[in-house]
Structures are given as structure tokens and as C-alpha cells.
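What's in entry-v2.pdb: PDB, C-alpha atoms, pLDDT in the B column
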ATOM      1  CA  MET C   1       0.000   0.000   0.000  1.00 48.00           C
ATOM      2  CA  GLY C   2       1.339   3.403  -0.991  1.00 50.00           C
ATOM      3  CA  LYS C   3       1.637   6.499   1.146  1.00 51.00           C
ATOM      4  CA  ASN C   4      -1.653   7.925  -0.186  1.00 54.00           C
ATOM      5  CA  GLY C   5      -3.419   4.667   0.606  1.00 54.00           C
ATOM      6  CA  MET C   6      -2.057   4.701   4.164  1.00 48.00           C
ATOM      7  CA  ASN C   7      -3.150   8.315   4.579  1.00 75.00           C
ATOM      8  CA  LEU C   8      -6.635   7.438   3.314  1.00 73.00           C
ATOM      9  CA  VAL C   9      -6.923   4.532   5.762  1.00 79.00           C
ATOM     10  CA  GLY C  10      -5.734   6.789   8.575  1.00 80.00           C
ATOM     11  CA  HIS C  11      -8.348   9.438   7.678  1.00 81.00           C
ATOM     12  CA  LEU C  12     -11.095   6.816   7.516  1.00 86.00           C
ATOM     13  CA  GLU C  13     -10.077   5.415  10.905  1.00 91.00           C
ATOM     14  CA  GLU C  14     -10.068   8.914  12.383  1.00 91.00           C
ATOM     15  CA  MET C  15     -13.501   9.627  10.880  1.00 91.00           C
ATOM     16  CA  ARG C  16     -14.830   6.342  12.261  1.00 93.00           C
ATOM     17  CA  LYS C  17     -13.542   7.233  15.724  1.00 94.00           C
ATOM     18  CA  ARG C  18     -15.194  10.670  15.616  1.00 94.00           C
ATOM     19  CA  LEU C  19     -18.488   9.176  14.392  1.00 96.00           C
ATOM     20  CA  ILE C  20     -18.496   6.548  17.168  1.00 96.00           C
ATOM     21  CA  ILE C  21     -17.946   9.225  19.835  1.00 96.00           C
ATOM     22  CA  THR C  22     -20.705  11.407  18.349  1.00 96.00           C
ATOM     23  CA  VAL C  23     -23.232   8.554  18.069  1.00 97.00           C
ATOM     24  CA  GLY C  24     -22.314   7.333  21.565  1.00 97.00           C
ATOM     25  CA  THR C  25     -22.901  10.831  22.953  1.00 97.00           C
ATOM     26  CA  PHE C  26     -26.313  10.988  21.255  1.00 97.00           C
ATOM     27  CA  ILE C  27     -27.295   7.627  22.758  1.00 98.00           C
ATOM     28  CA  VAL C  28     -26.237   8.699  26.268  1.00 98.00           C
ATOM     29  CA  PHE C  29     -28.176  11.983  26.002  1.00 97.00           C
ATOM     30  CA  PHE C  30     -31.151  10.114  24.555  1.00 97.00           C
ATOM     31  CA  ILE C  31     -31.265   7.686  27.495  1.00 97.00           C
ATOM     32  CA  LEU C  32     -30.945  10.525  30.024  1.00 97.00           C
ATOM     33  CA  SER C  33     -33.661  12.500  28.243  1.00 97.00           C
ATOM     34  CA  PHE C  34     -35.977   9.503  28.116  1.00 96.00           C
ATOM     35  CA  VAL C  35     -35.640   9.041  31.887  1.00 97.00           C
ATOM     36  CA  TYR C  36     -37.035  12.554  32.432  1.00 96.00           C
ATOM     37  CA  VAL C  37     -39.193  12.791  29.306  1.00 95.00           C
ATOM     38  CA  GLN C  38     -42.478  12.711  31.231  1.00 94.00           C
ATOM     39  CA  ASN C  39     -41.465  15.850  33.147  1.00 95.00           C
ATOM     40  CA  ILE C  40     -40.505  17.510  29.857  1.00 94.00           C
ATOM     41  CA  TYR C  41     -43.846  16.492  28.329  1.00 94.00           C
ATOM     42  CA  ASN C  42     -45.781  17.913  31.284  1.00 93.00           C
ATOM     43  CA  TRP C  43     -43.849  21.184  31.063  1.00 93.00           C
ATOM     44  CA  LEU C  44     -44.612  21.543  27.349  1.00 93.00           C
ATOM     45  CA  ILE C  45     -48.358  21.039  27.803  1.00 92.00           C
ATOM     46  CA  GLN C  46     -48.776  22.969  31.080  1.00 90.00           C
ATOM     47  CA  ASP C  47     -50.261  26.041  29.348  1.00 86.00           C
ATOM     48  CA  LEU C  48     -52.188  24.101  26.734  1.00 87.00           C
ATOM     49  CA  THR C  49     -55.912  24.862  26.929  1.00 81.00           C
ATOM     50  CA  ILE C  50     -56.949  21.770  24.978  1.00 81.00           C
ATOM     51  CA  LYS C  51     -56.759  18.130  25.990  1.00 85.00           C
ATOM     52  CA  LEU C  52     -54.549  15.911  23.869  1.00 91.00           C
ATOM     53  CA  ALA C  53     -55.744  12.470  22.893  1.00 91.00           C
ATOM     54  CA  ILE C  54     -54.022   9.300  21.765  1.00 89.00           C
ATOM     55  CA  LEU C  55     -55.425   6.847  19.237  1.00 88.00           C
ATOM     56  CA  GLY C  56     -53.304   3.925  20.323  1.00 87.00           C
ATOM     57  CA  PRO C  57     -50.770   2.843  22.950  1.00 83.00           C
ATOM     58  CA  SER C  58     -47.863   3.525  20.580  1.00 89.00           C
ATOM     59  CA  ASP C  59     -48.763   7.207  20.120  1.00 90.00           C
ATOM     60  CA  ILE C  60     -47.475   8.402  23.483  1.00 89.00           C
ATOM     61  CA  LEU C  61     -44.329   6.291  23.022  1.00 93.00           C
ATOM     62  CA  TRP C  62     -43.732   8.046  19.690  1.00 93.00           C
ATOM     63  CA  VAL C  63     -44.093  11.436  21.414  1.00 93.00           C
ATOM     64  CA  TYR C  64     -41.655  10.446  24.165  1.00 95.00           C
ATOM     65  CA  LEU C  65     -39.144   9.142  21.608  1.00 95.00           C
ATOM     66  CA  ILE C  66     -39.277  12.275  19.444  1.00 94.00           C
ATOM     67  CA  LEU C  67     -38.931  14.613  22.454  1.00 95.00           C
ATOM     68  CA  SER C  68     -35.978  12.614  23.757  1.00 96.00           C
ATOM     69  CA  SER C  69     -34.397  12.691  20.287  1.00 96.00           C
ATOM     70  CA  VAL C  70     -34.647  16.490  20.011  1.00 94.00           C
ATOM     71  CA  ILE C  71     -33.103  16.987  23.462  1.00 95.00           C
ATOM     72  CA  ALA C  72     -30.382  14.451  22.664  1.00 97.00           C
ATOM     73  CA  LEU C  73     -29.680  16.290  19.397  1.00 95.00           C
ATOM     74  CA  ALA C  74     -29.281  19.587  21.268  1.00 94.00           C
ATOM     75  CA  GLY C  75     -26.873  18.006  23.744  1.00 95.00           C
ATOM     76  CA  THR C  76     -24.882  16.277  20.999  1.00 96.00           C
ATOM     77  CA  ILE C  77     -24.329  19.386  18.848  1.00 94.00           C
ATOM     78  CA  PRO C  78     -21.320  20.797  20.768  1.00 93.00           C
ATOM     79  CA  ILE C  79     -19.752  17.331  21.035  1.00 95.00           C
ATOM     80  CA  ALA C  80     -20.280  16.658  17.323  1.00 94.00           C
ATOM     81  CA  ALA C  81     -18.843  20.089  16.474  1.00 92.00           C
ATOM     82  CA  HIS C  82     -15.784  19.371  18.628  1.00 93.00           C
ATOM     83  CA  GLN C  83     -15.275  16.018  16.901  1.00 94.00           C
ATOM     84  CA  ILE C  84     -15.439  17.709  13.492  1.00 90.00           C
ATOM     85  CA  TRP C  85     -12.921  20.293  14.717  1.00 90.00           C
ATOM     86  CA  LEU C  86     -10.580  17.531  15.939  1.00 91.00           C
ATOM     87  CA  PHE C  87     -10.877  15.828  12.550  1.00 89.00           C
ATOM     88  CA  VAL C  88      -9.938  18.948  10.543  1.00 86.00           C
ATOM     89  CA  ARG C  89      -7.453  20.331  13.115  1.00 87.00           C
ATOM     90  CA  PRO C  90      -4.316  18.800  11.480  1.00 86.00           C
ATOM     91  CA  ALA C  91      -5.077  20.838   8.338  1.00 81.00           C
ATOM     92  CA  LEU C  92      -5.317  24.129  10.276  1.00 80.00           C
ATOM     93  CA  ASN C  93      -2.538  26.368  11.516  1.00 80.00           C
ATOM     94  CA  LYS C  94      -2.403  27.393  15.187  1.00 83.00           C
ATOM     95  CA  ASN C  95      -4.244  30.658  14.637  1.00 78.00           C
ATOM     96  CA  GLU C  96      -7.030  28.934  12.673  1.00 77.00           C
ATOM     97  CA  GLN C  97      -7.332  26.321  15.406  1.00 83.00           C
ATOM     98  CA  LYS C  98      -7.848  28.991  18.067  1.00 83.00           C
ATOM     99  CA  VAL C  99     -10.408  30.848  15.966  1.00 80.00           C
ATOM    100  CA  THR C 100     -12.445  27.839  14.844  1.00 83.00           C
ATOM    101  CA  ILE C 101     -12.750  26.216  18.284  1.00 88.00           C
ATOM    102  CA  ALA C 102     -14.635  29.329  19.430  1.00 86.00           C
ATOM    103  CA  TYR C 103     -17.434  28.360  17.018  1.00 88.00           C
ATOM    104  CA  ILE C 104     -18.339  25.270  19.063  1.00 89.00           C
ATOM    105  CA  PRO C 105     -20.193  27.013  21.925  1.00 91.00           C
ATOM    106  CA  ALA C 106     -21.706  29.407  19.361  1.00 90.00           C
ATOM    107  CA  LEU C 107     -23.264  26.461  17.505  1.00 90.00           C
ATOM    108  CA  PHE C 108     -24.980  25.239  20.670  1.00 92.00           C
ATOM    109  CA  ILE C 109     -26.157  28.721  21.691  1.00 93.00           C
ATOM    110  CA  LEU C 110     -27.584  29.491  18.238  1.00 92.00           C
ATOM    111  CA  PHE C 111     -29.381  26.129  18.150  1.00 93.00           C
ATOM    112  CA  ILE C 112     -31.078  26.951  21.470  1.00 94.00           C
ATOM    113  CA  VAL C 113     -31.873  30.495  20.274  1.00 93.00           C
ATOM    114  CA  GLY C 114     -33.410  29.055  17.098  1.00 92.00           C
ATOM    115  CA  ILE C 115     -35.514  26.570  19.066  1.00 94.00           C
ATOM    116  CA  CYS C 116     -36.710  29.364  21.384  1.00 93.00           C
ATOM    117  CA  PHE C 117     -37.489  31.595  18.390  1.00 90.00           C
ATOM    118  CA  GLY C 118     -39.640  28.862  16.877  1.00 89.00           C
ATOM    119  CA  TYR C 119     -41.296  27.822  20.143  1.00 92.00           C
ATOM    120  CA  PHE C 120     -42.027  31.197  21.749  1.00 92.00           C
ATOM    121  CA  LEU C 121     -42.642  33.331  18.641  1.00 87.00           C
ATOM    122  CA  ILE C 122     -43.488  31.402  15.478  1.00 85.00           C
ATOM    123  CA  PHE C 123     -45.346  28.412  16.975  1.00 89.00           C
ATOM    124  CA  PRO C 124     -47.966  30.325  19.043  1.00 89.00           C
ATOM    125  CA  ILE C 125     -48.668  32.780  16.196  1.00 84.00           C
ATOM    126  CA  VAL C 126     -49.162  30.030  13.624  1.00 82.00           C
ATOM    127  CA  PHE C 127     -51.018  27.716  16.024  1.00 86.00           C
ATOM    128  CA  ASN C 128     -53.477  30.398  17.185  1.00 85.00           C
ATOM    129  CA  PHE C 129     -53.977  31.612  13.629  1.00 80.00           C
ATOM    130  CA  LEU C 130     -54.877  28.127  12.428  1.00 79.00           C
ATOM    131  CA  LEU C 131     -57.241  27.620  15.368  1.00 82.00           C
ATOM    132  CA  SER C 132     -58.952  30.923  14.596  1.00 82.00           C
ATOM    133  CA  LEU C 133     -59.829  29.666  11.114  1.00 78.00           C
ATOM    134  CA  SER C 134     -62.341  27.229  12.591  1.00 73.00           C
ATOM    135  CA  GLU C 135     -64.425  30.089  14.096  1.00 70.00           C
ATOM    136  CA  ASP C 136     -66.261  27.647  16.378  1.00 73.00           C
ATOM    137  CA  MET C 137     -67.457  25.685  13.346  1.00 79.00           C
ATOM    138  CA  PHE C 138     -65.442  22.626  14.332  1.00 78.00           C
ATOM    139  CA  MET C 139     -64.681  20.763  17.508  1.00 79.00           C
ATOM    140  CA  ASN C 140     -60.950  20.977  18.198  1.00 78.00           C
ATOM    141  CA  PHE C 141     -59.606  17.464  18.661  1.00 83.00           C
ATOM    142  CA  PHE C 142     -55.833  17.003  18.724  1.00 87.00           C
ATOM    143  CA  THR C 143     -53.900  13.797  19.124  1.00 91.00           C
ATOM    144  CA  ALA C 144     -50.624  13.992  21.029  1.00 92.00           C
ATOM    145  CA  GLU C 145     -48.790  12.705  17.948  1.00 90.00           C
ATOM    146  CA  LYS C 146     -50.243  15.333  15.582  1.00 89.00           C
ATOM    147  CA  TYR C 147     -49.708  18.171  18.069  1.00 92.00           C
ATOM    148  CA  PHE C 148     -46.068  17.352  18.804  1.00 93.00           C
ATOM    149  CA  ARG C 149     -45.322  16.605  15.163  1.00 88.00           C
ATOM    150  CA  PHE C 150     -46.570  20.133  14.374  1.00 87.00           C
ATOM    151  CA  LEU C 151     -44.596  21.572  17.319  1.00 91.00           C
ATOM    152  CA  ILE C 152     -41.359  19.896  16.200  1.00 89.00           C
ATOM    153  CA  ASN C 153     -41.889  21.078  12.603  1.00 83.00           C
ATOM    154  CA  MET C 154     -42.286  24.643  13.888  1.00 84.00           C
ATOM    155  CA  THR C 155     -39.209  24.640  16.144  1.00 90.00           C
ATOM    156  CA  LEU C 156     -36.498  22.142  15.161  1.00 88.00           C
ATOM    157  CA  PRO C 157     -35.814  23.594  11.666  1.00 84.00           C
ATOM    158  CA  PHE C 158     -35.146  26.988  13.247  1.00 88.00           C
ATOM    159  CA  GLY C 159     -32.631  25.449  15.650  1.00 91.00           C
ATOM    160  CA  LEU C 160     -30.729  24.042  12.675  1.00 87.00           C
ATOM    161  CA  LEU C 161     -31.127  27.062  10.376  1.00 87.00           C
ATOM    162  CA  PHE C 162     -29.969  29.520  13.054  1.00 91.00           C
ATOM    163  CA  GLU C 163     -26.584  27.779  12.962  1.00 91.00           C
ATOM    164  CA  LEU C 164     -26.055  28.924   9.373  1.00 90.00           C
ATOM    165  CA  PRO C 165     -23.879  31.978  10.269  1.00 91.00           C
ATOM    166  CA  VAL C 166     -21.463  29.946  12.398  1.00 91.00           C
ATOM    167  CA  ILE C 167     -21.231  27.144   9.831  1.00 90.00           C
ATOM    168  CA  ILE C 168     -20.449  29.650   7.071  1.00 91.00           C
ATOM    169  CA  MET C 169     -17.862  31.370   9.291  1.00 90.00           C
ATOM    170  CA  PHE C 170     -16.220  28.004   9.973  1.00 86.00           C
ATOM    171  CA  LEU C 171     -16.177  27.051   6.272  1.00 88.00           C
ATOM    172  CA  THR C 172     -14.709  30.484   5.460  1.00 89.00           C
ATOM    173  CA  SER C 173     -12.028  29.988   8.116  1.00 84.00           C
ATOM    174  CA  ILE C 174     -10.854  26.720   6.555  1.00 82.00           C
ATOM    175  CA  GLY C 175     -10.999  28.111   2.997  1.00 84.00           C
ATOM    176  CA  ILE C 176     -13.994  26.189   1.623  1.00 87.00           C
ATOM    177  CA  LEU C 177     -16.197  29.288   1.279  1.00 88.00           C
ATOM    178  CA  ASN C 178     -15.586  32.996   0.803  1.00 90.00           C
ATOM    179  CA  PRO C 179     -17.977  36.009   0.862  1.00 92.00           C
ATOM    180  CA  TYR C 180     -17.654  36.621  -2.877  1.00 90.00           C
ATOM    181  CA  ARG C 181     -18.842  33.113  -3.648  1.00 91.00           C
ATOM    182  CA  LEU C 182     -21.755  33.589  -1.237  1.00 92.00           C
ATOM    183  CA  GLN C 183     -22.714  36.839  -2.973  1.00 91.00           C
ATOM    184  CA  LYS C 184     -22.651  35.120  -6.372  1.00 92.00           C
ATOM    185  CA  VAL C 185     -25.064  32.396  -5.233  1.00 92.00           C
ATOM    186  CA  ARG C 186     -27.295  34.807  -3.264  1.00 93.00           C
ATOM    187  CA  LYS C 187     -30.330  34.427  -5.531  1.00 93.00           C
ATOM    188  CA  TYR C 188     -30.054  30.619  -5.420  1.00 94.00           C
ATOM    189  CA  ALA C 189     -29.641  30.739  -1.634  1.00 92.00           C
ATOM    190  CA  TYR C 190     -32.711  32.978  -1.341  1.00 93.00           C
ATOM    191  CA  PHE C 191     -34.705  30.572  -3.483  1.00 94.00           C
ATOM    192  CA  ALA C 192     -33.596  27.592  -1.362  1.00 91.00           C
ATOM    193  CA  LEU C 193     -34.450  29.410   1.887  1.00 88.00           C
ATOM    194  CA  ILE C 194     -37.866  30.482   0.585  1.00 89.00           C
ATOM    195  CA  VAL C 195     -38.648  26.915  -0.504  1.00 89.00           C
ATOM    196  CA  THR C 196     -37.481  25.657   2.892  1.00 83.00           C
ATOM    197  CA  SER C 197     -39.692  28.153   4.727  1.00 80.00           C
ATOM    198  CA  VAL C 198     -42.730  27.166   2.639  1.00 81.00           C
ATOM    199  CA  LEU C 199     -42.090  23.477   3.308  1.00 80.00           C
ATOM    200  CA  ILE C 200     -41.700  23.790   7.091  1.00 72.00           C
ATOM    201  CA  THR C 201     -44.698  26.083   7.651  1.00 70.00           C
ATOM    202  CA  PRO C 202     -48.440  25.585   7.203  1.00 65.00           C
ATOM    203  CA  PRO C 203     -49.857  26.752   3.852  1.00 68.00           C
ATOM    204  CA  ASP C 204     -50.706  30.330   4.752  1.00 68.00           C
ATOM    205  CA  PHE C 205     -49.084  33.620   3.751  1.00 75.00           C
ATOM    206  CA  LEU C 206     -48.552  34.945   7.298  1.00 73.00           C
ATOM    207  CA  SER C 207     -46.561  31.893   8.411  1.00 73.00           C
ATOM    208  CA  ASP C 208     -44.400  32.012   5.290  1.00 78.00           C
ATOM    209  CA  ILE C 209     -43.545  35.697   5.792  1.00 82.00           C
ATOM    210  CA  LEU C 210     -42.774  35.182   9.512  1.00 78.00           C
ATOM    211  CA  VAL C 211     -40.260  32.500   8.578  1.00 81.00           C
ATOM    212  CA  ILE C 212     -38.816  33.864   5.317  1.00 86.00           C
ATOM    213  CA  ILE C 213     -37.756  37.256   6.734  1.00 88.00           C
ATOM    214  CA  PRO C 214     -35.569  35.865   9.577  1.00 86.00           C
ATOM    215  CA  LEU C 215     -34.012  33.278   7.239  1.00 87.00           C
ATOM    216  CA  LEU C 216     -33.018  35.885   4.657  1.00 91.00           C
ATOM    217  CA  PHE C 217     -31.696  38.091   7.464  1.00 91.00           C
ATOM    218  CA  LEU C 218     -29.626  35.144   8.712  1.00 91.00           C
ATOM    219  CA  TYR C 219     -28.143  34.648   5.261  1.00 92.00           C
ATOM    220  CA  GLU C 220     -27.141  38.297   4.980  1.00 93.00           C
ATOM    221  CA  CYS C 221     -25.605  38.120   8.465  1.00 92.00           C
ATOM    222  CA  SER C 222     -23.705  35.040   7.307  1.00 92.00           C
ATOM    223  CA  VAL C 223     -22.310  36.915   4.286  1.00 93.00           C
ATOM    224  CA  LEU C 224     -21.261  39.843   6.475  1.00 94.00           C
ATOM    225  CA  LEU C 225     -19.577  37.572   9.034  1.00 92.00           C
ATOM    226  CA  SER C 226     -17.886  35.658   6.220  1.00 92.00           C
ATOM    227  CA  LYS C 227     -16.401  38.946   4.965  1.00 93.00           C
ATOM    228  CA  ILE C 228     -15.020  39.729   8.427  1.00 92.00           C
ATOM    229  CA  VAL C 229     -13.458  36.267   8.758  1.00 90.00           C
ATOM    230  CA  TYR C 230     -12.086  36.361   5.197  1.00 91.00           C
ATOM    231  CA  ARG C 231     -10.449  39.780   5.631  1.00 91.00           C
ATOM    232  CA  ARG C 232      -8.970  38.783   8.983  1.00 87.00           C
ATOM    233  CA  LYS C 233      -7.602  35.619   7.394  1.00 83.00           C
ATOM    234  CA  GLN C 234      -6.033  37.645   4.551  1.00 85.00           C
ATOM    235  CA  LYS C 235      -4.390  40.059   6.987  1.00 84.00           C
ATOM    236  CA  THR C 236      -2.953  37.167   9.003  1.00 78.00           C
ATOM    237  CA  ALA C 237      -1.595  35.594   5.801  1.00 75.00           C
ATOM    238  CA  GLU C 238      -0.002  38.917   4.745  1.00 77.00           C
ATOM    239  CA  LYS C 239       1.696  39.319   8.136  1.00 76.00           C
ATOM    240  CA  ALA C 240       2.990  35.755   7.996  1.00 71.00           C
ATOM    241  CA  ALA C 241       4.430  36.428   4.513  1.00 63.00           C
TER
END

If you convert what's in this file into C-alpha cells, what do you get?
Amino acid sequence: MGKNGMNLVGHLEEMRKRLIITVGTFIVFFILSFVYVQNIYNWLIQDLTIKLAILGPSDILWVYLILSSVIALAGTIPIAAHQIWLFVRPALNKNEQKVTIAYIPALFILFIVGICFGYFLIFPIVFNFLLSLSEDMFMNFFTAEKYFRFLINMTLPFGLLFELPVIIMFLTSIGILNPYRLQKVRKYAYFALIVTSVLITPPDFLSDILVIIPLLFLYECSVLLSKIVYRRKQKTAEKAA
């Protein structure tokens, strides 16, 4: 086996190690979350004015599993980010290593901010709007599965999408992206974000607007932050030369 082959095997082994640690972390967080999932469930429905129903014994288990998975995902994000950083660290210089490791707590914080944005702002507006459409013509009957599926669809995507600025900053730091490339693909990025917002929200204009505006704002913030990182990286390179 040649040198390139040995390097490839070494990279694959390193990737496997990082994946095992990440998956193991998710499983540990999932088990811990499942132990306390009933308390989490009760907290989420404490202000709910309607009674949730289940159509079968597996429904409540599905709800518990999905809630535990979301909490486990939140807990795994900083660990997964650290494992990715450890994997790419050999390709970074010391300055890049110091800068990029600061993105790890930012990823976790932005995920939580995104979840809170969806849960406390978008979800109640959309939920109450949809309920108002019935105008007492229908009896409101919600299953636990349908309610929490809707809740997750209104919150989890925001947790992931709010990480866009940090991910773009990280990719700029390691040279994969630059602000000029982001500006060139702006219209395609806008189209993708608009399609995403339409897919994750109910089919009404108000919901789409409430989601599209923050997503486009996030993209523009990402471009601006990418410029800052790119210029700082150029200055560091010029000083080193």
C-alpha cells in the first residue's frame, strides 16, 4: 500500500472514531432524556388549553421518543462540532485552530436560540392563527402525535437554520467558502431558503412571511460575518508572509 493509501486509511479510521464518539454521545443523552421525558412532556403542555388524545398505545411512546431525540440532538451538537474540529485540526494552523474552536459554543447557543425563536414566537402565532380559522365551526380534537409533530416542525428547523452563520464562518475559516462566492449564489440561496420556509410552515401567507424574513436576514448576516473572517484571514496571511 502506498503512502496515499495509508493516509486514506488513517483518515477513515479517524472519521470512524469521531463518528463513534458522536453517536455514543447521542445515545447517552437520549437515554438521560428519556428518563425525564415525562417531566418535559408535562412542562410543554402545562399552558395548553386543549386536551390531547391518543389513538393507540404507541402514540405516546412516539411522542416520548421524538422529544428525547430532540433533546439528545441539542446536547450532541457541541460534542459533534468538537469532533469535526478535531478531525480537521491537522489541516489548520495554530491561529485557525484557536479561531475555529470558538465556534463550538456558538453552535450550541444558536441552536437553542433558534428553538426558542420557533417555540415562543413562530409556533404560538401560527397555532393560534390556524385555530382561529375554525371560528367555532369545528370541535378541536388534537392527538398527542399530531400536536407534537406540528410543534417539532415549527421549532427544530429553526434550531438548525440559526446555525447557518457559524457554519459559514467556519467554512470560510478553513478556505472552503468565501464572501464573494456567497454573494454570487445569493439568488439561489434565497430561493432555497424560501422553498425551505414554505415546506416547514403551514400553507398560509402569514406563516411564510414570519419564517422567510428571519431566514433571509440570517443569510445576509452570514455573508457579512464571512467577509469579516475572510479579511482577517487575509491580513494574518499577509503578516505571515

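Proximity ranking of C:Met169, C:Ala102, C:Val35, C:Leu161 relative to Gly118 in chain C places C:Leu161 first, based on all atoms listed in the file.
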
Care to translate the PyMOL selection byres ((chain C and resi 177) around 12) into actual residues of this file, as a list in words? Ile167, Ile168, Met169, Phe170, Leu171, Thr172, Ser173, Ile174, Gly175, Ile176, Asn178, Pro179, Tyr180, Arg181, Leu182, Gln183, Lys184, Val185, Ser222, Val223, Leu225, Ser226, Lys227, Val229 and Tyr230 of chain C

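Put simply, CA of Met154 in chain C is 15.1 Å away from CA of Leu193 in chain C.
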
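When all atoms listed in the file are used to measure the gap to Arg18 in chain C, the shortest distance among C:Gln83, C:Asn42, C:Thr49, C:Thr155 belongs to C:Gln83.
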
Tell me which protein, DNA and RNA residues are within 12 Å of Lys146 in chain C, counting all atoms listed in the file, leaving out same-chain ones fewer than 3 positions away, and put them as a short mmCIF file (atom, residue, chain, number, x, y, z; two decimals) with C-alpha atoms, in the frame of the given file.
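The resulting file, part-v1.cif, is reproduced below:
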data_model
loop_
_atom_site.label_atom_id
_atom_site.label_comp_id
_atom_site.auth_asym_id
_atom_site.auth_seq_id
_atom_site.Cartn_x
_atom_site.Cartn_y
_atom_site.Cartn_z
CA LEU C 52 -54.55 15.91 23.87
CA ALA C 53 -55.74 12.47 22.89
CA ILE C 54 -54.02 9.30 21.76
CA LEU C 55 -55.42 6.85 19.24
CA ASP C 59 -48.76 7.21 20.12
CA ILE C 60 -47.48 8.40 23.48
CA TRP C 62 -43.73 8.05 19.69
CA VAL C 63 -44.09 11.44 21.41
CA PHE C 141 -59.61 17.46 18.66
CA PHE C 142 -55.83 17.00 18.72
CA THR C 143 -53.90 13.80 19.12
CA ARG C 149 -45.32 16.60 15.16
CA PHE C 150 -46.57 20.13 14.37
CA LEU C 151 -44.60 21.57 17.32
CA ILE C 152 -41.36 19.90 16.20
CA ASN C 153 -41.89 21.08 12.60
#

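Atom pair CA of Tyr103 in chain C / CA of Val88 in chain C: separated by 13.7 Å.
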
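With distances restricted to all atoms listed in the file, C:Tyr64 is the closest residue to Ile40 in chain C from C:Leu210, C:Gly159, C:Asn128, C:Tyr64.
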
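CA of Leu131 in chain C is found 24.5 Å from CA of Gly56 in chain C.
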
What's the 12 Å shell around Asp208 in chain C, counting only C-alpha atoms, without same-chain residues fewer than 2 positions away, as a PyMOL selection string? chain C and resi 122+125-126+154+193-206+210-215
